[in-house]
Each structure stands twice: as C-alpha cells, then as structure tokens.
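Trainee: I have a structure I would like to understand better, so I am pasting it below and will then ask my questions one at a time.
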Amino acid sequence: MGDYKHIFRAYDIRGKVPEELNAGIAYKIGLSLAQDFSSTTLSYDVRKTSPALANALLAGFLEGGGDVAFQGLASFGVALYSGYLEKTDITTYISASHLPPEYNGVKLYYSDGLALSSDDISKIGGRLEKVGGVEWRNYGVVEARDHTKEYIEFFSSRYSLEGKVAVDCGGGATSLVARDVFEGVGLKVDTIFCKSNPALADRSPEPDPNSLVKLRKTVQSGDYLFGVAFDGDGDRVAILDEKGNPLTSEQVAIILAKDLLEENGKALVLANTECSSVIEDVLVPLGAEVKRIPVGHSYLTHYARELKADIGVEASGHFLLPNILPFDDAMPIPMELARIVRDRSLSELALGIPVYPRAKLNIPVGDREKFEIVERLKERLVEEYEVNTMDGIKVFVPGGWVLIRASNTEPKIRLLVEARDEDTLNELVNKFRSLVEELA
C-alpha cells in the first residue's frame with residue numbers, strides 16, 4: 001500500500017488525483033473488491049476524473065471475476081437506487097461528495113442501503129498490493145443499466161405536491177435528475193447551476209450558506225416554498241426558508257421529527273456527535289427519543305438499521321429517512337418539507353427552534369499525524385474534564401461543549417464549539433484552539 005494507505009478512511013475511500021488516487025489504484029481497488037463480492041452496480045458522478053476512475057475500477061472488478069451492472073453517470077440517489085433494484089452484492093459509486101474537484105473517491109454500500117464498515121474498507125485497502133486476476137474463462141461480465149426513470153417514478157408515485165421551489169445543484173450530479181424529480185411530484189422549479197460542470201466551478205461543492213448567494217437572492221425575489229442546495233454528488237442538502245434564511249440541519253430534522261410526532265406520537269432520532277444540543281432540548285420534552293452516534297454516513301446507516309430509527313441527521317447536511325429510502329440520499333428531504341409546508345411557511349415552522357452560538361475551525365494537519373494528535377489531546381483532557389470519546393473528544397463544560405476530532409475525509413483536525421452565549425463561545429474557542437495548535 002505504501003503512501004496510499006491513508007485514502008482508505010473510516011467510511012469511504014478518498015484522495016487527491018492523481019498523487020493519491022488514480023486509475024492504477026482504482027484498478028487495484030476493483031481487483032480487491034472482487035475478492036469479497038461477486039457483483040456490483042457501478043456509477044460515477046460528474047467530476048472530470050470520475051469516468052477514468054470508474055472504468056479502471058470496472059476493469060479490475062471484471063478481471064477479478066466479478067459481474068458489473070453499469071449504471072454509469074448518475075446522481076448519488078440514482079446510483080444507490082440502481083443497486084437497490086439490481087440487488088447486486090454491493091453498490092459502488094465514484095465520487096468525493098462535497099470535496100473540491102481535485103479530489104475523488106469510492107463510496108461503497110450493500111445493495112440494501114447499508115454502508116460498508118470501516119473494517120470492510122480497511123480490508124479492501126490492506127491487500128491492494130497482493131491481489132491478482134483470474135483465469136480468462138472466469139472473467140466477469142458487464143451489462144449496461146439505467147434506472148433513472150424508476151428513480152423519478154419512485155418519487156412521483158409517493159408524492160403529489162404543489163408550490164414552487166428554487167433548486168441549486170452546484171453543477172454537481174443532481175443536475176442530471178433534480179428538475180425531473182421535482183416536476184414529477186408536481187412542484188414548479190427554478191434551477192440554479194443545474195447544468196453539470198465537471199470542474200465543479202459554479203460554487204463550492206459543499207453547500208454552506210456562504211456559497212449560496214445566488215440561491216438566496218433567487219428565493220428572496222420570488223414566491224417560493226423554500227430553496228434547496230445539493231452538494232457535489234447529492235448526499236447532502238442545505239435548505240433556505242421562503243425568506244432566504246438558511247436553516248441548520250438540526251432545525252430541518254426537528255421540523256421533520258415534529259411532523260412525525262404529530263402523526264405517530266413517537267420518533268427515534270439519530271444525531272451525530274457534531275449536532276447541536278438543541279435536538280435534545282426541543283424534541284425530548286415532546287416525547288421523542290434522541291440517540292447520539294459517531295460522524296459518518298456508514299454509522300448513520302448501520303445505527304438506523306440496528307435501532308430502527310425514524311430519522312437520522314448529521315450537522316453537515318446528511319439525512320436518513322429509512323421509512324422512505326434505506327440510504328442517505330438527500331432528495332427525500334425537500335419532498336418531505338414541501339409536504340409539511342402546505343399549511344404553514346417554513347420560517348413559521350422554524351420559529352421556536354433556537355440556534356445556539358457555534359464556531360467551527362479546521363486546523364490543517366497531515367493525514368498521517370492527525371489521529372495521533374487527537375489521541376495525545378485525549379490523554380490530557382480526560383484528566384481535567386468530563387469527556388465523551390465516542391468520536392474524537394467531546395469535552396463538556398458549564399454552558400457548552402467542545403468537540404475535537406480528526407476529519408475522516410480531509411487532512412484536518414476539526415474543532416467544533418457550542419455555547420449558550422457568545423462570551424462563553426469565544427472563551428472556549430480561544431482556549432481549545434490553542435491546545436490543538438500547540439500539538440499540531
């Protein structure tokens with residue numbers, strides 16, 4: 001493996017192209033996957049490097065003796081839905097999700113929507129230099145598939161909606177299908193950056209509020225239910241209310257959970273360790289159960305299955321609605337919101353859901369050093385504070401908390417701080433940033 005070992009991360013494979021991930025590595029990944037799985041559905045996103053990596057992985061998987069249902073260019077939702085229909089052993093999707101265009105990666109799911117575990121991914125990477133092909137008679141076969149129509153029909157058969165939404169695809173993979181899905185359920189749609197852009201140059205692939213200037217202006221200029229922005233592949237979503245104000249992921253999850261509580265009287269909500277404490281503060285008194293999980297889509301799908309959760313949310317904009325789809329496609333979120341806001345505006349629904357002061361810092365640290373630094377911090381902090389080490393180090397202090405964790409997708413240590421007032425927030429940021437930088 002040499003210098004490539006670090007690209008096999010906790011819940012997917014990601015690296016810079018070509019120095020960390022290239023066609024040669026993708027070919028070996030295909031060979032390695034074929035050691036454990038006899039069939040895969042294979043798709044890729046709009047990134048300029050994705051076709052080469054997909055075809056290299058395809059060649060390796062076939063040479064390893066595996067069969068391929070080739071969906072090809074697709075959004076994340078279509079890719080996972082294709083694997084779900086094909087019932088292949090796994091679904092393989094070439095994408096680096098929200099990362100900049102110089103990155104790419106491989107996302108791996110079982111066809112029933114469960115993400116491969118970190119142990120599975122580590123195993124694939126651990127034998128990369130040892131795998132070889134099979135005798136020519138045992139080569140796998142590839143067949144072209146296109147389940148885009150079935151994906152669109154899935155939503156149109158489930159929803160009948162009214163109103164107008166503004167949709168920002170960021171030039172990413174949802175450009176391939178978003179208009180058809182929204183119009184298929186009855187919504188009128190105005191699109192922004194919904195022509196695929198292989199360089200992902202229209203805006204940041206990560207739909208944070210600062211990158212959604214055009215979407216905000218569009219929403220403010222018309223009569224829209226809300227604005228929707230997808231990330232590079234379509235597994236994350238950001239929502240703006242009808243006034244153009246961004247909602248946090250927690251606010252969106254609380255709105256969805258409240259609707260479920262009104263309907264069923266109960267709801268089990270999964271929230272990753274980065275999510276605001278507002279989840280518990282609002283939902284628990286209403287009768288919901290909230291369970292915390294580590295960061296990462298693989299944990300989201302595994303815990304949702306194990307605990308039979310109703311809603312899963314990550315602060316980054318990942319959601320899971322298992323009663324609609326068993327994987328973390330972002331497309332069901334705007335559909336559910338459009339259903340809920342028939343009688344009330346989104347801004348009205350968000351009233352009473354506080355947003356606590358938060359700060360998020362990314363401290364650049366090499367991929368090979370970041371985990372060691374977090375471990376050293378853990379040794380120091382457990383002696384002084386109440387901590388939770390489920391995912392990184394979450395330090396609880398009066399009036400707030402601090403989360404320090406190594407990013408599983410980028411060469412960074414993330415420092416996330418939440419407090420009930422700005423003074424406490426600034427105090428915590430300064431104190432714990434100095435601690436991290438001292439070691440980093």
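In the structure tokens, chains take the letters A, B, ... in the order shown, each chain's residues start at 1, and ligands count up from 1 in the order shown.
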Mind checking which residues fall within 8 Å of Ser196 in chain A, counting only C-alpha atoms, ignoring those fewer than 6 positions away in the same chain, and posting them as a PyMOL selection string?
Mentor: chain A and resi 46+171-173+175-176
Trainee: Using backbone DSSP assignments, extract all helix (DSSP H, G or I) residues from range 100-220 of chain A; output them as a ChimeraX atom specification.
Mentor: /A:118-126,136-138,148-158,173-176,178-184,209-211,213-220
Trainee: If we count only C-alpha atoms and set the cut-off at 6 Å, which residues sit around range 279-291 of chain A, ignoring sequence neighbours fewer than 5 positions away in its own chain? Please answer as a PDB file with C-alpha atoms, in the first residue's frame.
Mentor:
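This is the output file result.pdb:
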ATOM      1  CA  LYS A 266     -43.262   8.902  18.857  1.00  0.00           C
ATOM      2  CA  ALA A 267     -39.995   9.261  16.972  1.00  0.00           C
ATOM      3  CA  LEU A 268     -36.483   7.911  17.348  1.00  0.00           C
ATOM      4  CA  VAL A 269     -33.952  10.434  16.076  1.00  0.00           C
ATOM      5  CA  LEU A 270     -30.274   9.707  15.493  1.00  0.00           C
TER       6      LEU A 270
END
